[in-house]
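Structure data (mmCIF, C-alpha atoms) from model_39.cif:
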data_run
#
loop_
_atom_site.group_PDB
_atom_site.id
_atom_site.type_symbol
_atom_site.label_atom_id
_atom_site.label_comp_id
_atom_site.auth_asym_id
_atom_site.auth_seq_id
_atom_site.Cartn_x
_atom_site.Cartn_y
_atom_site.Cartn_z
ATOM 1 C CA MET A 17 -92.399 74.075 -90.608
ATOM 2 C CA VAL A 18 -90.232 75.381 -93.436
ATOM 3 C CA PRO A 19 -91.404 77.951 -95.992
ATOM 4 C CA SER A 20 -93.302 76.602 -98.999
ATOM 5 C CA ILE A 21 -94.497 79.956 -100.397
ATOM 6 C CA CYS A 22 -92.276 82.726 -101.752
ATOM 7 C CA VAL A 23 -93.950 86.124 -101.537
ATOM 8 C CA PHE A 24 -92.186 88.539 -103.863
ATOM 9 C CA ASP A 25 -92.016 92.281 -103.491
ATOM 10 C CA VAL A 26 -92.408 93.906 -106.911
ATOM 11 C CA ASN A 27 -90.824 97.369 -107.229
ATOM 12 C CA GLU A 28 -87.014 97.072 -107.384
ATOM 13 C CA THR A 29 -87.140 93.371 -106.470
ATOM 14 C CA LEU A 30 -88.649 92.109 -109.730
ATOM 15 C CA LEU A 31 -89.052 95.343 -111.717
ATOM 16 C CA ASP A 32 -86.207 97.742 -112.468
ATOM 17 C CA ILE A 33 -86.957 101.193 -110.992
ATOM 18 C CA GLU A 34 -83.982 102.662 -112.860
ATOM 19 C CA PHE A 35 -86.457 102.840 -115.738
ATOM 20 C CA ILE A 36 -87.831 105.939 -113.971
ATOM 21 C CA ALA A 37 -84.429 107.679 -113.766
ATOM 22 C CA PRO A 38 -84.564 109.460 -117.175
ATOM 23 C CA LEU A 39 -87.501 111.528 -115.927
ATOM 24 C CA PHE A 40 -85.377 112.794 -113.049
ATOM 25 C CA GLU A 41 -82.424 113.432 -115.337
ATOM 26 C CA ARG A 42 -84.666 115.603 -117.513
ATOM 27 C CA LEU A 43 -86.359 117.480 -114.659
ATOM 28 C CA PHE A 44 -83.512 117.835 -112.159
ATOM 29 C CA GLY A 45 -80.446 117.416 -114.370
ATOM 30 C CA ASP A 46 -79.373 114.464 -112.215
ATOM 31 C CA SER A 47 -80.791 110.947 -112.468
ATOM 32 C CA ARG A 48 -79.618 110.271 -108.896
ATOM 33 C CA VAL A 49 -82.486 112.403 -107.616
ATOM 34 C CA MET A 50 -84.653 109.376 -108.417
ATOM 35 C CA ARG A 51 -83.122 107.641 -105.397
ATOM 36 C CA GLU A 52 -83.909 110.661 -103.217
ATOM 37 C CA TRP A 53 -87.487 110.568 -104.503
ATOM 38 C CA PHE A 54 -87.845 106.832 -103.857
ATOM 39 C CA GLY A 55 -86.423 107.138 -100.348
ATOM 40 C CA GLN A 56 -88.844 109.970 -99.544
ATOM 41 C CA LEU A 57 -91.705 107.962 -101.037
ATOM 42 C CA ILE A 58 -90.998 105.058 -98.690
ATOM 43 C CA LEU A 59 -90.550 107.448 -95.745
ATOM 44 C CA TYR A 60 -93.909 109.116 -96.280
ATOM 45 C CA SER A 61 -95.718 105.856 -97.019
ATOM 46 C CA GLU A 62 -94.585 104.653 -93.602
ATOM 47 C CA ALA A 63 -95.399 108.026 -92.009
ATOM 48 C CA ILE A 64 -99.015 107.963 -93.114
ATOM 49 C CA THR A 65 -99.351 104.318 -92.067
ATOM 50 C CA LEU A 66 -98.135 105.203 -88.575
ATOM 51 C CA SER A 67 -100.281 108.327 -88.297
ATOM 52 C CA GLY A 68 -103.544 107.015 -89.763
ATOM 53 C CA PRO A 69 -104.513 108.621 -93.105
ATOM 54 C CA TYR A 70 -104.268 106.815 -96.433
ATOM 55 C CA THR A 71 -103.670 107.590 -100.073
ATOM 56 C CA THR A 72 -102.455 105.280 -102.809
ATOM 57 C CA PHE A 73 -98.781 104.704 -103.511
ATOM 58 C CA PHE A 74 -99.020 106.277 -106.967
ATOM 59 C CA THR A 75 -100.813 109.382 -105.652
ATOM 60 C CA LEU A 76 -98.188 109.697 -102.952
ATOM 61 C CA ALA A 77 -95.434 109.218 -105.554
ATOM 62 C CA GLN A 78 -96.784 112.145 -107.540
ATOM 63 C CA GLY A 79 -97.001 114.314 -104.420
ATOM 64 C CA VAL A 80 -93.420 113.512 -103.419
ATOM 65 C CA LEU A 81 -92.253 114.470 -106.926
ATOM 66 C CA LYS A 82 -93.984 117.845 -106.551
ATOM 67 C CA MET A 83 -92.463 118.263 -103.084
ATOM 68 C CA LEU A 84 -88.937 117.613 -104.389
ATOM 69 C CA ALA A 85 -89.529 120.001 -107.274
ATOM 70 C CA SER A 86 -90.496 122.697 -104.785
ATOM 71 C CA ILE A 87 -87.365 122.007 -102.735
ATOM 72 C CA HIS A 88 -85.249 122.295 -105.896
ATOM 73 C CA ASN A 89 -87.148 125.386 -107.106
ATOM 74 C CA LEU A 90 -88.483 123.627 -110.188
ATOM 75 C CA SER A 91 -91.874 123.644 -111.847
ATOM 76 C CA ILE A 92 -93.638 120.344 -112.486
ATOM 77 C CA GLN A 93 -96.126 120.115 -115.348
ATOM 78 C CA LYS A 94 -99.097 117.813 -115.855
ATOM 79 C CA ASP A 95 -97.168 115.908 -118.533
ATOM 80 C CA ASP A 96 -94.357 115.216 -116.059
ATOM 81 C CA ILE A 97 -96.820 113.686 -113.599
ATOM 82 C CA GLU A 98 -98.313 111.560 -116.363
ATOM 83 C CA GLU A 99 -94.850 110.389 -117.424
ATOM 84 C CA LEU A 100 -94.118 109.306 -113.844
ATOM 85 C CA ARG A 101 -97.361 107.336 -113.733
ATOM 86 C CA THR A 102 -96.649 105.705 -117.093
ATOM 87 C CA ARG A 103 -93.118 104.744 -116.124
ATOM 88 C CA LEU A 104 -94.308 103.287 -112.791
ATOM 89 C CA LEU A 105 -96.754 101.065 -114.671
ATOM 90 C CA THR A 106 -94.341 99.929 -117.390
ATOM 91 C CA MET A 107 -91.056 99.128 -115.634
ATOM 92 C CA PRO A 108 -89.231 96.149 -117.181
ATOM 93 C CA ALA A 109 -88.281 93.057 -115.224
ATOM 94 C CA TYR A 110 -84.629 92.659 -114.296
ATOM 95 C CA PRO A 111 -82.933 90.315 -116.796
ATOM 96 C CA ASP A 112 -82.257 87.682 -114.102
ATOM 97 C CA VAL A 113 -85.878 87.454 -112.947
ATOM 98 C CA PRO A 114 -87.408 84.874 -115.358
ATOM 99 C CA ALA A 115 -84.609 82.357 -114.778
ATOM 100 C CA GLY A 116 -84.774 82.862 -111.009
ATOM 101 C CA LEU A 117 -88.546 82.456 -110.909
ATOM 102 C CA LYS A 118 -88.253 79.241 -112.913
ATOM 103 C CA GLN A 119 -85.723 77.848 -110.429
ATOM 104 C CA VAL A 120 -87.967 78.574 -107.464
ATOM 105 C CA LYS A 121 -91.107 77.289 -109.190
ATOM 106 C CA ASP A 122 -89.411 74.114 -110.418
ATOM 107 C CA ALA A 123 -88.255 73.432 -106.845
ATOM 108 C CA GLY A 124 -91.881 73.266 -105.731
ATOM 109 C CA PHE A 125 -92.372 76.652 -104.072
ATOM 110 C CA ARG A 126 -95.659 78.499 -104.550
ATOM 111 C CA LEU A 127 -95.158 82.031 -105.897
ATOM 112 C CA VAL A 128 -97.215 85.154 -105.154
ATOM 113 C CA THR A 129 -96.484 88.884 -105.149
ATOM 114 C CA LEU A 130 -97.103 91.624 -102.586
ATOM 115 C CA THR A 131 -96.727 95.270 -103.549
ATOM 116 C CA ASN A 132 -97.284 98.752 -102.165
ATOM 117 C CA SER A 133 -98.680 99.735 -105.571
ATOM 118 C CA PRO A 134 -102.453 99.817 -106.026
ATOM 119 C CA PRO A 135 -104.136 97.580 -108.584
ATOM 120 C CA ASP A 136 -104.643 99.342 -111.908
ATOM 121 C CA PRO A 137 -107.774 98.441 -113.902
ATOM 122 C CA GLN A 138 -106.055 99.041 -117.246
ATOM 123 C CA THR A 139 -102.380 98.127 -116.851
ATOM 124 C CA SER A 140 -100.706 95.332 -114.884
ATOM 125 C CA PRO A 141 -97.002 96.077 -114.347
ATOM 126 C CA LEU A 142 -96.275 92.351 -113.991
ATOM 127 C CA LYS A 143 -98.134 91.548 -117.203
ATOM 128 C CA HIS A 144 -96.410 94.395 -119.052
ATOM 129 C CA ALA A 145 -93.054 93.014 -117.880
ATOM 130 C CA GLY A 146 -94.043 89.539 -119.121
ATOM 131 C CA ILE A 147 -93.740 87.770 -115.769
ATOM 132 C CA ASP A 148 -97.327 87.661 -114.452
ATOM 133 C CA GLY A 149 -97.740 84.011 -115.474
ATOM 134 C CA TRP A 150 -95.313 82.819 -112.799
ATOM 135 C CA PHE A 151 -97.571 83.873 -109.911
ATOM 136 C CA GLU A 152 -100.728 82.259 -108.618
ATOM 137 C CA LYS A 153 -101.910 85.475 -106.966
ATOM 138 C CA SER A 154 -100.939 89.143 -106.617
ATOM 139 C CA PHE A 155 -101.649 91.104 -103.443
ATOM 140 C CA SER A 156 -101.717 94.871 -102.923
ATOM 141 C CA ILE A 157 -101.519 96.694 -99.595
ATOM 142 C CA ASP A 158 -104.398 98.816 -100.908
ATOM 143 C CA ARG A 159 -106.718 96.166 -99.504
ATOM 144 C CA VAL A 160 -105.757 96.920 -95.881
ATOM 145 C CA ARG A 161 -104.797 100.571 -96.501
ATOM 146 C CA ARG A 162 -101.503 100.149 -94.688
ATOM 147 C CA PHE A 163 -98.100 100.242 -96.366
ATOM 148 C CA LYS A 164 -95.319 97.755 -95.828
ATOM 149 C CA PRO A 165 -93.772 96.979 -93.393
ATOM 150 C CA ALA A 166 -96.990 97.222 -91.315
ATOM 151 C CA PRO A 167 -97.764 93.788 -89.796
ATOM 152 C CA GLN A 168 -101.348 93.895 -91.107
ATOM 153 C CA VAL A 169 -100.010 93.608 -94.661
ATOM 154 C CA TYR A 170 -98.192 90.325 -94.110
ATOM 155 C CA HIS A 171 -101.024 88.929 -91.962
ATOM 156 C CA MET A 172 -103.393 89.677 -94.857
ATOM 157 C CA VAL A 173 -101.321 87.515 -97.209
ATOM 158 C CA ALA A 174 -101.054 84.620 -94.746
ATOM 159 C CA GLU A 175 -104.783 84.730 -94.017
ATOM 160 C CA GLU A 176 -105.745 84.933 -97.693
ATOM 161 C CA LEU A 177 -103.504 81.952 -98.509
ATOM 162 C CA ASP A 178 -104.798 80.143 -95.396
ATOM 163 C CA VAL A 179 -101.313 79.347 -94.114
ATOM 164 C CA PRO A 180 -99.367 80.274 -90.969
ATOM 165 C CA PRO A 181 -96.673 82.954 -91.365
ATOM 166 C CA ALA A 182 -93.997 80.280 -90.956
ATOM 167 C CA ALA A 183 -95.002 78.908 -94.368
ATOM 168 C CA ILE A 184 -93.989 82.181 -96.048
ATOM 169 C CA CYS A 185 -90.644 83.575 -97.155
ATOM 170 C CA MET A 186 -90.714 87.264 -98.077
ATOM 171 C CA VAL A 187 -88.371 87.939 -101.003
ATOM 172 C CA ALA A 188 -87.438 91.609 -101.334
ATOM 173 C CA ALA A 189 -84.680 94.038 -102.240
ATOM 174 C CA HIS A 190 -85.388 96.114 -99.116
ATOM 175 C CA VAL A 191 -84.442 95.224 -95.565
ATOM 176 C CA TRP A 192 -87.441 97.123 -94.192
ATOM 177 C CA ASP A 193 -89.653 94.657 -96.083
ATOM 178 C CA THR A 194 -87.924 91.524 -94.809
ATOM 179 C CA ILE A 195 -87.927 92.929 -91.261
ATOM 180 C CA GLY A 196 -91.671 93.545 -91.511
ATOM 181 C CA ALA A 197 -92.381 90.012 -92.661
ATOM 182 C CA GLN A 198 -90.035 88.432 -90.133
ATOM 183 C CA SER A 199 -91.711 90.395 -87.327
ATOM 184 C CA ILE A 200 -94.848 88.245 -87.725
ATOM 185 C CA GLY A 201 -92.998 84.933 -88.094
ATOM 186 C CA CYS A 202 -92.207 84.739 -91.821
ATOM 187 C CA SER A 203 -88.748 84.075 -93.190
ATOM 188 C CA GLY A 204 -86.883 86.708 -95.190
ATOM 189 C CA ALA A 205 -84.698 86.607 -98.302
ATOM 190 C CA LEU A 206 -82.851 89.685 -99.538
ATOM 191 C CA ILE A 207 -81.795 90.463 -103.110
ATOM 192 C CA THR A 208 -79.079 93.103 -102.915
ATOM 193 C CA ARG A 209 -79.995 95.085 -106.011
ATOM 194 C CA PRO A 210 -77.677 98.091 -106.585
ATOM 195 C CA GLY A 211 -78.204 100.562 -103.767
ATOM 196 C CA ASN A 212 -79.376 97.889 -101.311
ATOM 197 C CA ALA A 213 -77.520 95.872 -98.664
ATOM 198 C CA PRO A 214 -78.142 93.974 -95.421
ATOM 199 C CA LEU A 215 -78.563 96.034 -92.238
ATOM 200 C CA PRO A 216 -76.005 94.623 -89.751
ATOM 201 C CA VAL A 217 -77.605 95.741 -86.496
ATOM 202 C CA HIS A 218 -77.621 93.392 -83.500
ATOM 203 C CA GLY A 219 -81.139 92.602 -82.372
ATOM 204 C CA LEU A 220 -82.775 93.114 -85.770
ATOM 205 C CA PRO A 221 -83.926 90.056 -87.732
ATOM 206 C CA GLN A 222 -81.521 89.129 -90.501
ATOM 207 C CA PRO A 223 -82.587 87.498 -93.782
ATOM 208 C CA GLN A 224 -82.085 83.742 -93.975
ATOM 209 C CA ALA A 225 -80.696 84.187 -97.494
ATOM 210 C CA VAL A 226 -78.857 87.084 -99.166
ATOM 211 C CA ALA A 227 -77.733 87.216 -102.808
ATOM 212 C CA PRO A 228 -77.094 89.801 -105.548
ATOM 213 C CA ASP A 229 -79.658 88.374 -107.981
ATOM 214 C CA LEU A 230 -82.650 86.086 -108.054
ATOM 215 C CA PRO A 231 -81.012 82.920 -109.472
ATOM 216 C CA ALA A 232 -78.324 83.031 -106.765
ATOM 217 C CA LEU A 233 -80.999 83.603 -104.128
ATOM 218 C CA ALA A 234 -83.090 80.752 -105.528
ATOM 219 C CA THR A 235 -80.121 78.419 -105.181
ATOM 220 C CA GLN A 236 -79.842 79.342 -101.492
ATOM 221 C CA LEU A 237 -83.575 78.913 -100.846
ATOM 222 C CA ILE A 238 -83.574 75.478 -102.468
ATOM 223 C CA LYS A 239 -80.554 74.437 -100.409
ATOM 224 C CA LEU A 240 -82.226 75.681 -97.212
ATOM 225 C CA TRP A 241 -85.727 74.295 -97.619
ATOM 226 C CA ARG A 242 -85.920 71.747 -100.428
#
Could you write out this file's structure as structure tokens?
Amino acid sequence: MVPSICVFDVNETLLDIEFIAPLFERLFGDSRVMREWFGQLILYSEAITLSGPYTTFFTLAQGVLKMLASIHNLSIQKDDIEELRTRLLTMPAYPDVPAGLKQVKDAGFRLVTLTNSPPDPQTSPLKHAGIDGWFEKSFSIDRVRRFKPAPQVYHMVAEELDVPPAAICMVAAHVWDTIGAQSIGCSGALITRPGNAPLPVHGLPQPQAVAPDLPALATQLIKLWR
């Protein structure tokens, strides 16, 4: 069996998290602190998944911002927390995304999304970015209360779509995400957005396709499986 379904990560894969950087420039005087915040956010999302408790990704994001502010001896106000939430919900799509999605869709792949972010009753980040129409379904880890790359997350998607893992290719900008999906039998495709790269460690699963943007990745996926 070859993959017939592309499951797309959302944050930094489809949506540009650099949109959040001005908040960190204003608060910390250095937009690069956004990357420190995002790295800590992923670390602690995985920590609570391993240890058992659960809170939503956005609540955790706010807590990590407060933690970093404490480390940097800064004061965070209610308006700063609200700005973070607003920016998380309104990130734009990368410019290459619509064309890449069209390539994959036109080639006959089914398209869905899988995100660490919880569903929001008022604002859909994909809809705000103008790309929600490409996907037949959107999944959130909130349903199983485990963050990626926990195996339960990818099993949930396969079970909901009623397909074996081998029918799925996880498309992400993060190696930890492709490793998680590949650990249950999915394929993996990596978009090397700025700040991301393959992890060349012997014994770890490597993505079947690697490219700097979605159209280039789509070309590889079509060549591999269509």
Tell me which residues the PyMOL selection byres ((chain A and resi 229-239) around 8) grabs here, as number ranges by chain. A: 112-113, 115-117, 119-120, 123, 205-209, 225-228, 240-242
Give me the residues within 12 Å of stretch 44-46 of chain A as a VMD selection string, counting only C-alpha atoms and dropping any in the same chain fewer than 5 places off. chain A and resid 37 to 39 51 to 53 81 to 82 84 to 92 96
Proximity to A:Arg103 - best of A:Ile33, A:Ala197, A:Leu130, A:Leu215, all atoms listed in the file: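 For A:Arg103, the nearest of the given residues is A:Ile33.
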At what distance in Å, to one decimal, does atom CA of A:Phe125 lie from atom CA of A:Ile58?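 Separation between atom CA of A:Ile58 and atom CA of A:Phe125: 28.9 Å.
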Picked residues, the PyMOL selection byres ((chain A and resi 146) around 12), as a list in words: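 In the shown coordinates, the PyMOL selection byres ((chain A and resi 146) around 12) covers Leu30, Leu31, Thr106, Met107, Pro108, Ala109, Tyr110, Pro111, Val113, Pro114, Ser140, Pro141, Leu142, Lys143, His144, Ala145, Ile147, Asp148, Gly149, Trp150 and Phe151 of chain A.
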Can you give me, as number ranges by chain, the residues this file yields under the PyMOL selection byres ((chain A and resi 126) around 8)? A: 20-22, 121, 124-125, 127-128, 151-152
Take the residues just selected and output them with C-alpha atoms as a JSON list (two decimals), keeping the file's coordinate frame.
[["chain", "number", "residue", "atom", "x", "y", "z"],
["A", 20, "SER", "CA", -93.30, 76.60, -99.00],
["A", 21, "ILE", "CA", -94.50, 79.96, -100.40],
["A", 22, "CYS", "CA", -92.28, 82.73, -101.75],
["A", 121, "LYS", "CA", -91.11, 77.29, -109.19],
["A", 124, "GLY", "CA", -91.88, 73.27, -105.73],
["A", 125, "PHE", "CA", -92.37, 76.65, -104.07],
["A", 127, "LEU", "CA", -95.16, 82.03, -105.90],
["A", 128, "VAL", "CA", -97.22, 85.15, -105.15],
["A", 151, "PHE", "CA", -97.57, 83.87, -109.91],
["A", 152, "GLU", "CA", -100.73, 82.26, -108.62]]
So for stretch 217-232 of chain A, what box centre and size do we get, axis-aligned, 6 Å extra on each of the six sides, every listed atom, Å to one decimal, as lines of an AutoDock Vina configuration file?
center_x = -80.5
center_y = 89.3
center_z = -95.9
size_x = 18.8
size_y = 24.8
size_z = 39.1
Residue nearest A:Ser203 among A:Glu175, A:Gln78, A:Val191, A:Ala182 (counting all atoms listed in the file):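 Residue with the minimum atom-to-atom distance to A:Ser203: A:Ala182.
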